[in-house]
Amino acid sequence: MAGTPGRKVLPDVLSASQLHPDAPTGQLHPESQRVQLQGRCGSCTEFLIHHLFVPEFDGKNVSSVMGFESNQLPANAPIEDRRSAATCLQTRGMLLGVICSLFGVLIHFFALSERLFYYIAVSLLPHDTLCELEASVEAGRAFSPILQWHKHPNDYFTREAQSLYFNSLRTYWQELIDLTSPGDVPDTREALLNAFKRLDNDISLEAQVGDASAFLHYWVLRVAFSGATACVAHIDGPDLYIANAGDARAVLGVQEEDGSFSAHTLSNDHNAQNDSEVARIRSEHPHSERKTVIRQDRLLGQLMPFRAFGDVKFKWSIELQKRVLESGPDQLHENEHTKFIPPNYHTPPYLTAEPEITYHRLRPKDRFLVIGSDGLWETLHRQEVIRIVGEYLTGVHQRQPLKVGGYKVTLGQMQGLLEERKARMSSAFEDQNSTTHLMRHAVGNNEFGTVDHERLSKMLSLPEELARMYRDDITIIVTQFNPHVIGAQRQDDES
């Protein structure tokens, strides 16, 4: 997409070198380097740490974030989840997020995961900083990076459409300059909301305008017809914001006075299990569509999440879809997914990327935040997730009554379960980080809530064509908070 008329469009070299530092920061867990990228290893631990990332912080800046860890376990090949983490360099705060593709067009939603953080970072810039940024770009001068990425070495930096994406981002900040006044500082809630909506709008507009390059024209159309959900946290001192569109989830781990941990959910799933979301969808369409707008717990009987980026076949009119596709590259005409029109498609748009924003003021007892893709929450209840992580991080295990559900067990079986629990507690620190430990439970838990190592081994050794039938991709980010810093920051703000 071209820039605003009369304003110079930068060459590709500036967008490549100045939007982000060249080198990712952080350190790959040493054991993960021993696992071949495409290989299936015999060791469960080696398999579980294949996508592990534990960045190191230099400690120069006192922060409410003490550190974070992330890990991924694929069921699809390649994995359809994406994790992102970055520090805002022109403002304060840190961004962490999980992005999930809906239809597995991986290379395209990799680009989306990077673009979203840039749109958020730009939305957070004060008016005066935006003017300085635009002046530097207009004059061709170097300017400080907007984000410092914390990336796993295998994470992908998109390059294919970088110049196009830079021009869209620049047009956005130019409009922000026009809409704000000197001295204005953005509200974080509004910044997150505007970033999500504007990026989705740009994805749609880029596909409608197209590109002179056949490759880029095909690229932007594939991006627009693909879909992705996102759950992003912005942490600045004691201020925690969650922006969520889709069915990933953010849950806070709260340590109670007795040392136990409770779960405080900071996001809502946007699907048919959310009554408020169902009511929202139905209120936006005529009463005549009440029975068809949500069918079999899916949007128009097709899509499970009710909010997502892209997926313009749930947003554009039928006429616009046909016109754009007819003028597009020949490759699209062979793609049945893009040509498909959902049934009972009468009053679009049905899908939105507008996020639901949640604010939480951190307290010293708020010890960590878990952001996970739907694959995690499908296997473990949120309270169980928080308990597992909390006990791992503190080394304190709360002995709950052993639950056997509705199963009949003999005394011998009960003794075996108790011995297994004892062994599990003594070996909990086999895992060198909380995300791998949580992943082990998510995949290996049996009906009694304990890790069945035989089950774990079998689940991890399933061939790629079968793995997706038994579980989904799992992506986890665990962020630990510094209670002393949070307490001091709260006192400073209140004084």
# chains A, B, ... in the order shown; residues from 1 in each chain; ligands from 1

call {"tool": "residues_around", "arguments": {"residues": "Glu464 of chain A", "least_positions_apart": "4", "cutoff": "7 Å", "atoms": "only C-alpha atoms", "output": "list in words"}}
result
Ala75, Asn76 and Ala77 of chain A

call {"tool": "select_by_dssp", "arguments": {"residues": "segment 189-412 of chain A", "states": "helix (DSSP H, G or I)", "output": "PDB file with C-alpha atoms, in the first residue's frame"}}
result
ATOM      1  CA  ARG A 189      -6.233   0.657  26.622  1.00  0.00           C
ATOM      2  CA  GLU A 190      -7.036   2.764  23.556  1.00  0.00           C
ATOM      3  CA  ALA A 191      -3.599   2.082  22.076  1.00  0.00           C
ATOM      4  CA  LEU A 192      -4.089  -1.689  22.265  1.00  0.00           C
ATOM      5  CA  LEU A 193      -7.608  -1.467  20.873  1.00  0.00           C
ATOM      6  CA  ASN A 194      -6.553   0.768  17.980  1.00  0.00           C
ATOM      7  CA  ALA A 195      -3.522  -1.363  17.128  1.00  0.00           C
ATOM      8  CA  PHE A 196      -5.566  -4.560  16.751  1.00  0.00           C
ATOM      9  CA  LYS A 197      -8.274  -2.897  14.691  1.00  0.00           C
ATOM     10  CA  ARG A 198      -5.902  -0.926  12.484  1.00  0.00           C
ATOM     11  CA  LEU A 199      -3.716  -3.914  11.663  1.00  0.00           C
ATOM     12  CA  ASP A 200      -6.759  -5.961  10.685  1.00  0.00           C
ATOM     13  CA  ASN A 201      -8.000  -3.077   8.545  1.00  0.00           C
ATOM     14  CA  ASP A 202      -4.600  -2.780   6.839  1.00  0.00           C
ATOM     15  CA  ILE A 203      -4.545  -6.519   6.115  1.00  0.00           C
ATOM     16  CA  SER A 204      -7.919  -6.117   4.418  1.00  0.00           C
ATOM     17  CA  LEU A 205      -6.963  -2.958   2.528  1.00  0.00           C
ATOM     18  CA  GLU A 206      -3.649  -4.370   1.286  1.00  0.00           C
ATOM     19  CA  ALA A 207      -5.520  -7.326  -0.219  1.00  0.00           C
ATOM     20  CA  GLN A 208      -8.063  -5.072  -1.924  1.00  0.00           C
ATOM     21  CA  VAL A 209      -5.452  -2.734  -3.406  1.00  0.00           C
ATOM     22  CA  ALA A 214       2.485 -10.913  -8.709  1.00  0.00           C
ATOM     23  CA  PHE A 215       4.249 -12.518  -5.766  1.00  0.00           C
ATOM     24  CA  LEU A 216       3.243  -9.776  -3.313  1.00  0.00           C
ATOM     25  CA  HIS A 217      -0.284  -9.649  -4.744  1.00  0.00           C
ATOM     26  CA  TYR A 218      -0.653 -13.357  -4.033  1.00  0.00           C
ATOM     27  CA  TRP A 219       0.977 -12.878  -0.608  1.00  0.00           C
ATOM     28  CA  VAL A 220      -1.396 -10.171   0.652  1.00  0.00           C
ATOM     29  CA  LEU A 221      -4.423 -12.119  -0.544  1.00  0.00           C
ATOM     30  CA  ARG A 222      -3.308 -15.270   1.210  1.00  0.00           C
ATOM     31  CA  VAL A 223      -2.734 -13.282   4.407  1.00  0.00           C
ATOM     32  CA  ALA A 224      -6.207 -11.719   4.208  1.00  0.00           C
ATOM     33  CA  PHE A 225      -7.963 -15.043   3.607  1.00  0.00           C
ATOM     34  CA  ASP A 275     -22.749 -16.470  26.600  1.00  0.00           C
ATOM     35  CA  SER A 276     -21.880 -12.777  26.324  1.00  0.00           C
ATOM     36  CA  GLU A 277     -20.081 -13.378  23.067  1.00  0.00           C
ATOM     37  CA  VAL A 278     -22.992 -15.372  21.664  1.00  0.00           C
ATOM     38  CA  ALA A 279     -25.351 -12.533  22.621  1.00  0.00           C
ATOM     39  CA  ARG A 280     -23.037  -9.996  20.964  1.00  0.00           C
ATOM     40  CA  ILE A 281     -22.949 -11.919  17.691  1.00  0.00           C
ATOM     41  CA  ARG A 282     -26.720 -12.353  17.580  1.00  0.00           C
ATOM     42  CA  SER A 283     -27.371  -8.696  18.424  1.00  0.00           C
ATOM     43  CA  HIS A 287     -33.487 -11.789  14.061  1.00  0.00           C
ATOM     44  CA  SER A 288     -34.043 -13.885  10.921  1.00  0.00           C
ATOM     45  CA  GLU A 289     -30.416 -15.103  11.248  1.00  0.00           C
ATOM     46  CA  VAL A 312     -12.021 -11.829   5.217  1.00  0.00           C
ATOM     47  CA  LYS A 313     -14.433 -14.417   3.882  1.00  0.00           C
ATOM     48  CA  PHE A 314     -16.318 -13.779   7.140  1.00  0.00           C
ATOM     49  CA  ILE A 318     -19.750 -11.623  -1.471  1.00  0.00           C
ATOM     50  CA  GLU A 319     -19.414  -9.073  -4.258  1.00  0.00           C
ATOM     51  CA  LEU A 320     -16.107  -7.754  -2.898  1.00  0.00           C
ATOM     52  CA  GLN A 321     -14.725 -11.262  -2.435  1.00  0.00           C
ATOM     53  CA  LYS A 322     -15.544 -12.198  -6.020  1.00  0.00           C
ATOM     54  CA  ARG A 323     -14.137  -8.964  -7.433  1.00  0.00           C
ATOM     55  CA  VAL A 324     -10.845  -9.244  -5.531  1.00  0.00           C
ATOM     56  CA  LEU A 325     -10.383 -12.913  -6.354  1.00  0.00           C
ATOM     57  CA  GLU A 326     -11.155 -12.430 -10.043  1.00  0.00           C
ATOM     58  CA  ASP A 330      -4.153 -17.560 -10.985  1.00  0.00           C
ATOM     59  CA  GLN A 331      -2.911 -19.541  -7.960  1.00  0.00           C
ATOM     60  CA  LEU A 332      -5.876 -18.294  -5.939  1.00  0.00           C
ATOM     61  CA  HIS A 333      -8.358 -19.693  -8.426  1.00  0.00           C
ATOM     62  CA  GLU A 336     -10.861 -23.981  -2.645  1.00  0.00           C
ATOM     63  CA  HIS A 337     -10.474 -22.383   0.792  1.00  0.00           C
ATOM     64  CA  THR A 338     -10.430 -18.829  -0.570  1.00  0.00           C
ATOM     65  CA  LYS A 339     -13.315 -19.436  -3.003  1.00  0.00           C
ATOM     66  CA  ASP A 374      -6.133 -23.183  23.386  1.00  0.00           C
ATOM     67  CA  GLY A 375      -4.201 -26.460  23.198  1.00  0.00           C
ATOM     68  CA  LEU A 376      -3.068 -25.970  26.805  1.00  0.00           C
ATOM     69  CA  TRP A 377      -6.461 -25.095  28.271  1.00  0.00           C
ATOM     70  CA  ARG A 382      -6.795 -23.151  34.689  1.00  0.00           C
ATOM     71  CA  GLN A 383      -6.557 -23.846  38.435  1.00  0.00           C
ATOM     72  CA  GLU A 384      -4.484 -26.950  37.742  1.00  0.00           C
ATOM     73  CA  VAL A 385      -2.198 -24.959  35.435  1.00  0.00           C
ATOM     74  CA  ILE A 386      -1.601 -22.347  38.138  1.00  0.00           C
ATOM     75  CA  ARG A 387      -1.041 -24.970  40.820  1.00  0.00           C
ATOM     76  CA  ILE A 388       1.531 -26.850  38.724  1.00  0.00           C
ATOM     77  CA  VAL A 389       3.482 -23.707  37.842  1.00  0.00           C
ATOM     78  CA  GLY A 390       3.233 -22.243  41.345  1.00  0.00           C
ATOM     79  CA  GLU A 391       4.462 -25.397  43.017  1.00  0.00           C
ATOM     80  CA  TYR A 392       7.301 -25.691  40.539  1.00  0.00           C
ATOM     81  CA  LEU A 393       8.461 -22.092  41.014  1.00  0.00           C
ATOM     82  CA  THR A 394       8.288 -22.161  44.817  1.00  0.00           C
ATOM     83  CA  LEU A 411      -6.167 -50.603  47.868  1.00  0.00           C
ATOM     84  CA  GLY A 412      -3.179 -51.778  45.839  1.00  0.00           C
TER      85      GLY A 412
END

call {"tool": "residues_around", "arguments": {"residues": "Leu147 of chain A", "least_positions_apart": "6", "cutoff": "7 Å", "atoms": "only C-alpha atoms", "output": "VMD selection string"}}
result
chain A and resid 20 86 to 89

call {"tool": "write_last_selection", "arguments": {"atoms": "N, CA and C atoms", "output": "CSV table (one decimal), in the first residue's frame"}}
result
chain,number,residue,atom,x,y,z
A,20,HIS,N,13.8,-2.9,13.7
A,20,HIS,CA,14.2,-3.8,14.8
A,20,HIS,C,15.7,-4.1,14.8
A,86,ALA,N,8.8,-8.9,23.3
A,86,ALA,CA,9.6,-7.7,23.0
A,86,ALA,C,9.5,-6.7,24.1
A,87,THR,N,10.5,-5.9,24.2
A,87,THR,CA,10.6,-4.7,25.1
A,87,THR,C,10.3,-3.4,24.2
A,88,CYS,N,9.4,-2.6,24.7
A,88,CYS,CA,9.2,-1.3,24.0
A,88,CYS,C,10.4,-0.4,24.4
A,89,LEU,N,11.1,0.1,23.3
A,89,LEU,CA,12.3,0.9,23.6
A,89,LEU,C,12.0,2.4,23.6

call {"tool": "atom_distance", "arguments": {"atom1": "atom CA of Leu252 of chain A", "atom2": "atom CA of Arg367 of chain A"}}
result
7.7 Å

call {"tool": "atom_distance", "arguments": {"atom1": "atom CA of Asp178 of chain A", "atom2": "atom CA of Tyr119 of chain A"}}
result
16.6 Å

call {"tool": "closest_residue", "arguments": {"among": "A:Gln90, A:Ala161, A:Pro182, A:Gly246", "to": "Pro145 of chain A", "atoms": "only C-alpha atoms"}}
result
A:Gln90

call {"tool": "atom_distance", "arguments": {"atom1": "atom CA of Ser317 of chain A", "atom2": "atom CA of Thr352 of chain A"}}
result
14.1 Å

call {"tool": "closest_residue", "arguments": {"among": "A:Thr229, A:Gln174, A:Gln489, A:Thr475", "to": "Gln72 of chain A", "atoms": "only C-alpha atoms"}}
result
A:Thr475

call {"tool": "residues_around", "arguments": {"residues": "Met459 of chain A", "least_positions_apart": "4", "cutoff": "8 Å", "atoms": "only C-alpha atoms", "output": "number ranges by chain"}}
result
A: 443-444, 455, 467

call {"tool": "closest_residue", "arguments": {"among": "A:Pro463, A:Val478, A:Gly210, A:Ala135", "to": "His437 of chain A", "atoms": "only C-alpha atoms"}}
result
A:Val478

call {"tool": "residues_around", "arguments": {"residues": "Cys131 of chain A", "least_positions_apart": "5", "cutoff": "12 Å", "atoms": "only C-alpha atoms", "output": "mmCIF file with N, CA, C and O atoms, in the first residue's frame"}}
result
data_model
loop_
_atom_site.group_PDB
_atom_site.id
_atom_site.type_symbol
_atom_site.label_atom_id
_atom_site.label_comp_id
_atom_site.auth_asym_id
_atom_site.auth_seq_id
_atom_site.Cartn_x
_atom_site.Cartn_y
_atom_site.Cartn_z
ATOM 1 N N VAL A 122 3.810 1.515 18.116
ATOM 2 C CA VAL A 122 3.560 2.819 17.507
ATOM 3 C C VAL A 122 2.353 3.486 18.164
ATOM 4 O O VAL A 122 2.347 4.699 18.416
ATOM 5 N N LEU A 125 3.241 5.414 21.287
ATOM 6 C CA LEU A 125 4.178 6.532 21.213
ATOM 7 C C LEU A 125 3.468 7.868 21.442
ATOM 8 O O LEU A 125 2.411 8.123 20.854
ATOM 9 N N PRO A 126 4.045 8.746 22.256
ATOM 10 C CA PRO A 126 3.489 10.103 22.414
ATOM 11 C C PRO A 126 3.563 10.865 21.094
ATOM 12 O O PRO A 126 4.368 10.532 20.207
ATOM 13 N N SER A 136 12.720 11.825 11.106
ATOM 14 C CA SER A 136 13.914 11.019 10.815
ATOM 15 C C SER A 136 13.737 10.215 9.537
ATOM 16 O O SER A 136 14.627 10.135 8.695
ATOM 17 N N VAL A 137 12.572 9.617 9.395
ATOM 18 C CA VAL A 137 12.306 8.821 8.197
ATOM 19 C C VAL A 137 12.283 9.706 6.955
ATOM 20 O O VAL A 137 12.845 9.376 5.910
ATOM 21 N N GLU A 138 11.630 10.852 7.053
ATOM 22 C CA GLU A 138 11.532 11.765 5.915
ATOM 23 C C GLU A 138 12.905 12.232 5.469
ATOM 24 O O GLU A 138 13.174 12.377 4.264
ATOM 25 N N PHE A 143 17.141 6.135 13.113
ATOM 26 C CA PHE A 143 16.427 6.392 14.356
ATOM 27 C C PHE A 143 16.481 5.134 15.213
ATOM 28 O O PHE A 143 16.704 4.034 14.708
ATOM 29 N N ARG A 170 3.899 3.145 8.460
ATOM 30 C CA ARG A 170 4.211 4.570 8.415
ATOM 31 C C ARG A 170 2.943 5.399 8.172
ATOM 32 O O ARG A 170 2.747 6.455 8.783
ATOM 33 N N TRP A 173 1.233 5.782 11.523
ATOM 34 C CA TRP A 173 1.740 6.765 12.474
ATOM 35 C C TRP A 173 1.576 8.194 11.953
ATOM 36 O O TRP A 173 1.433 9.128 12.736
ATOM 37 N N GLN A 174 1.565 8.360 10.619
ATOM 38 C CA GLN A 174 1.282 9.687 10.067
ATOM 39 C C GLN A 174 -0.139 10.127 10.432
ATOM 40 O O GLN A 174 -0.375 11.298 10.769
ATOM 41 N N GLU A 175 -1.081 9.198 10.373
ATOM 42 C CA GLU A 175 -2.455 9.518 10.748
ATOM 43 C C GLU A 175 -2.573 9.803 12.245
ATOM 44 O O GLU A 175 -3.345 10.675 12.650
ATOM 45 N N LEU A 176 -1.800 9.079 13.062
ATOM 46 C CA LEU A 176 -1.803 9.346 14.496
ATOM 47 C C LEU A 176 -1.286 10.753 14.791
ATOM 48 O O LEU A 176 -1.790 11.441 15.688
ATOM 49 N N ILE A 177 -0.280 11.179 14.034
ATOM 50 C CA ILE A 177 0.237 12.542 14.201
ATOM 51 C C ILE A 177 -0.857 13.563 13.905
ATOM 52 O O ILE A 177 -1.039 14.549 14.633
ATOM 53 N N ASP A 178 -1.603 13.323 12.826
ATOM 54 C CA ASP A 178 -2.669 14.255 12.437
ATOM 55 C C ASP A 178 -3.808 14.281 13.453
ATOM 56 O O ASP A 178 -4.498 15.301 13.602
ATOM 57 N N THR A 180 -3.547 13.695 16.789
ATOM 58 C CA THR A 180 -3.161 14.056 18.148
ATOM 59 C C THR A 180 -2.528 15.437 18.167
ATOM 60 O O THR A 180 -2.268 16.034 17.119
ATOM 61 N N SER A 181 -2.242 15.917 19.372
ATOM 62 C CA SER A 181 -1.685 17.258 19.556
ATOM 63 C C SER A 181 -0.378 17.168 20.332
ATOM 64 O O SER A 181 -0.134 16.173 21.042
ATOM 65 N N PRO A 182 0.455 18.190 20.205
ATOM 66 C CA PRO A 182 1.728 18.193 20.965
ATOM 67 C C PRO A 182 1.475 17.984 22.458
ATOM 68 O O PRO A 182 0.569 18.567 23.048
ATOM 69 N N GLY A 183 2.301 17.105 23.031
ATOM 70 C CA GLY A 183 2.165 16.807 24.454
ATOM 71 C C GLY A 183 1.232 15.660 24.765
ATOM 72 O O GLY A 183 1.210 15.168 25.903
ATOM 73 N N ASP A 184 0.465 15.205 23.789
ATOM 74 C CA ASP A 184 -0.474 14.097 24.016
ATOM 75 C C ASP A 184 0.276 12.792 24.280
ATOM 76 O O ASP A 184 1.245 12.464 23.580
#

call {"tool": "residues_around", "arguments": {"residues": "Phe481 of chain A", "least_positions_apart": "6", "cutoff": "6 Å", "atoms": "only C-alpha atoms", "output": "PyMOL selection string"}}
result
chain A and resi 64-66+367-368

call {"tool": "write_last_selection", "arguments": {"atoms": "all heavy atoms", "output": "tab-separated table (two decimals), in the first residue's frame"}}
result
chain	number	residue	atom	x	y	z
A	64	SER	N	9.12	-4.79	37.01
A	64	SER	CA	8.18	-5.70	37.66
A	64	SER	C	8.27	-7.10	37.07
A	64	SER	O	7.82	-8.06	37.69
A	64	SER	CB	6.75	-5.16	37.53
A	64	SER	OG	6.42	-4.96	36.16
A	65	VAL	N	8.84	-7.22	35.87
A	65	VAL	CA	9.04	-8.53	35.24
A	65	VAL	C	10.41	-9.06	35.65
A	65	VAL	O	11.44	-8.49	35.30
A	65	VAL	CB	8.94	-8.43	33.71
A	65	VAL	CG1	9.26	-9.78	33.08
A	65	VAL	CG2	7.55	-7.98	33.30
A	66	MET	N	10.42	-10.15	36.39
A	66	MET	CA	11.66	-10.74	36.85
A	66	MET	C	12.27	-11.63	35.77
A	66	MET	O	13.48	-11.85	35.71
A	66	MET	CB	11.41	-11.54	38.13
A	66	MET	CG	12.65	-12.00	38.84
A	66	MET	SD	12.30	-12.38	40.59
A	66	MET	CE	10.98	-13.60	40.44
A	367	ARG	N	2.14	-13.52	41.42
A	367	ARG	CA	3.49	-14.02	41.25
A	367	ARG	C	3.88	-14.32	39.81
A	367	ARG	O	5.04	-14.25	39.44
A	367	ARG	CB	3.71	-15.28	42.10
A	367	ARG	CG	3.44	-15.06	43.58
A	367	ARG	CD	4.20	-13.87	44.16
A	367	ARG	NE	5.63	-14.04	44.08
A	367	ARG	CZ	6.37	-14.60	45.04
A	367	ARG	NH1	5.79	-15.04	46.14
A	367	ARG	NH2	7.67	-14.70	44.91
A	368	PHE	N	2.91	-14.71	38.98
A	368	PHE	CA	3.26	-15.03	37.60
A	368	PHE	C	2.02	-14.99	36.71
A	368	PHE	O	0.89	-15.02	37.20
A	368	PHE	CB	3.93	-16.41	37.50
A	368	PHE	CG	3.11	-17.55	38.02
A	368	PHE	CD1	2.23	-18.23	37.19
A	368	PHE	CD2	3.22	-17.96	39.34
A	368	PHE	CE1	1.46	-19.28	37.67
A	368	PHE	CE2	2.46	-19.01	39.84
A	368	PHE	CZ	1.59	-19.68	39.00

call {"tool": "closest_residue", "arguments": {"among": "A:Ile146, A:Ala230, A:Leu438, A:Leu102", "to": "Ser123 of chain A", "atoms": "only C-alpha atoms"}}
result
A:Ile146

call {"tool": "closest_residue", "arguments": {"among": "A:Ser461, A:Gln480, A:Ser168, A:Ala250", "to": "Ala263 of chain A", "atoms": "only C-alpha atoms"}}
result
A:Ala250

call {"tool": "residues_around", "arguments": {"residues": "Leu124 of chain A", "least_positions_apart": "5", "cutoff": "8 Å", "atoms": "only C-alpha atoms", "output": "MDAnalysis selection string"}}
result
chainID A and resid 91 185:188 191

call {"tool": "closest_residue", "arguments": {"among": "A:Ser434, A:Asp297, A:Ala248, A:Val254", "to": "Gly67 of chain A", "atoms": "only C-alpha atoms"}}
result
A:Ser434
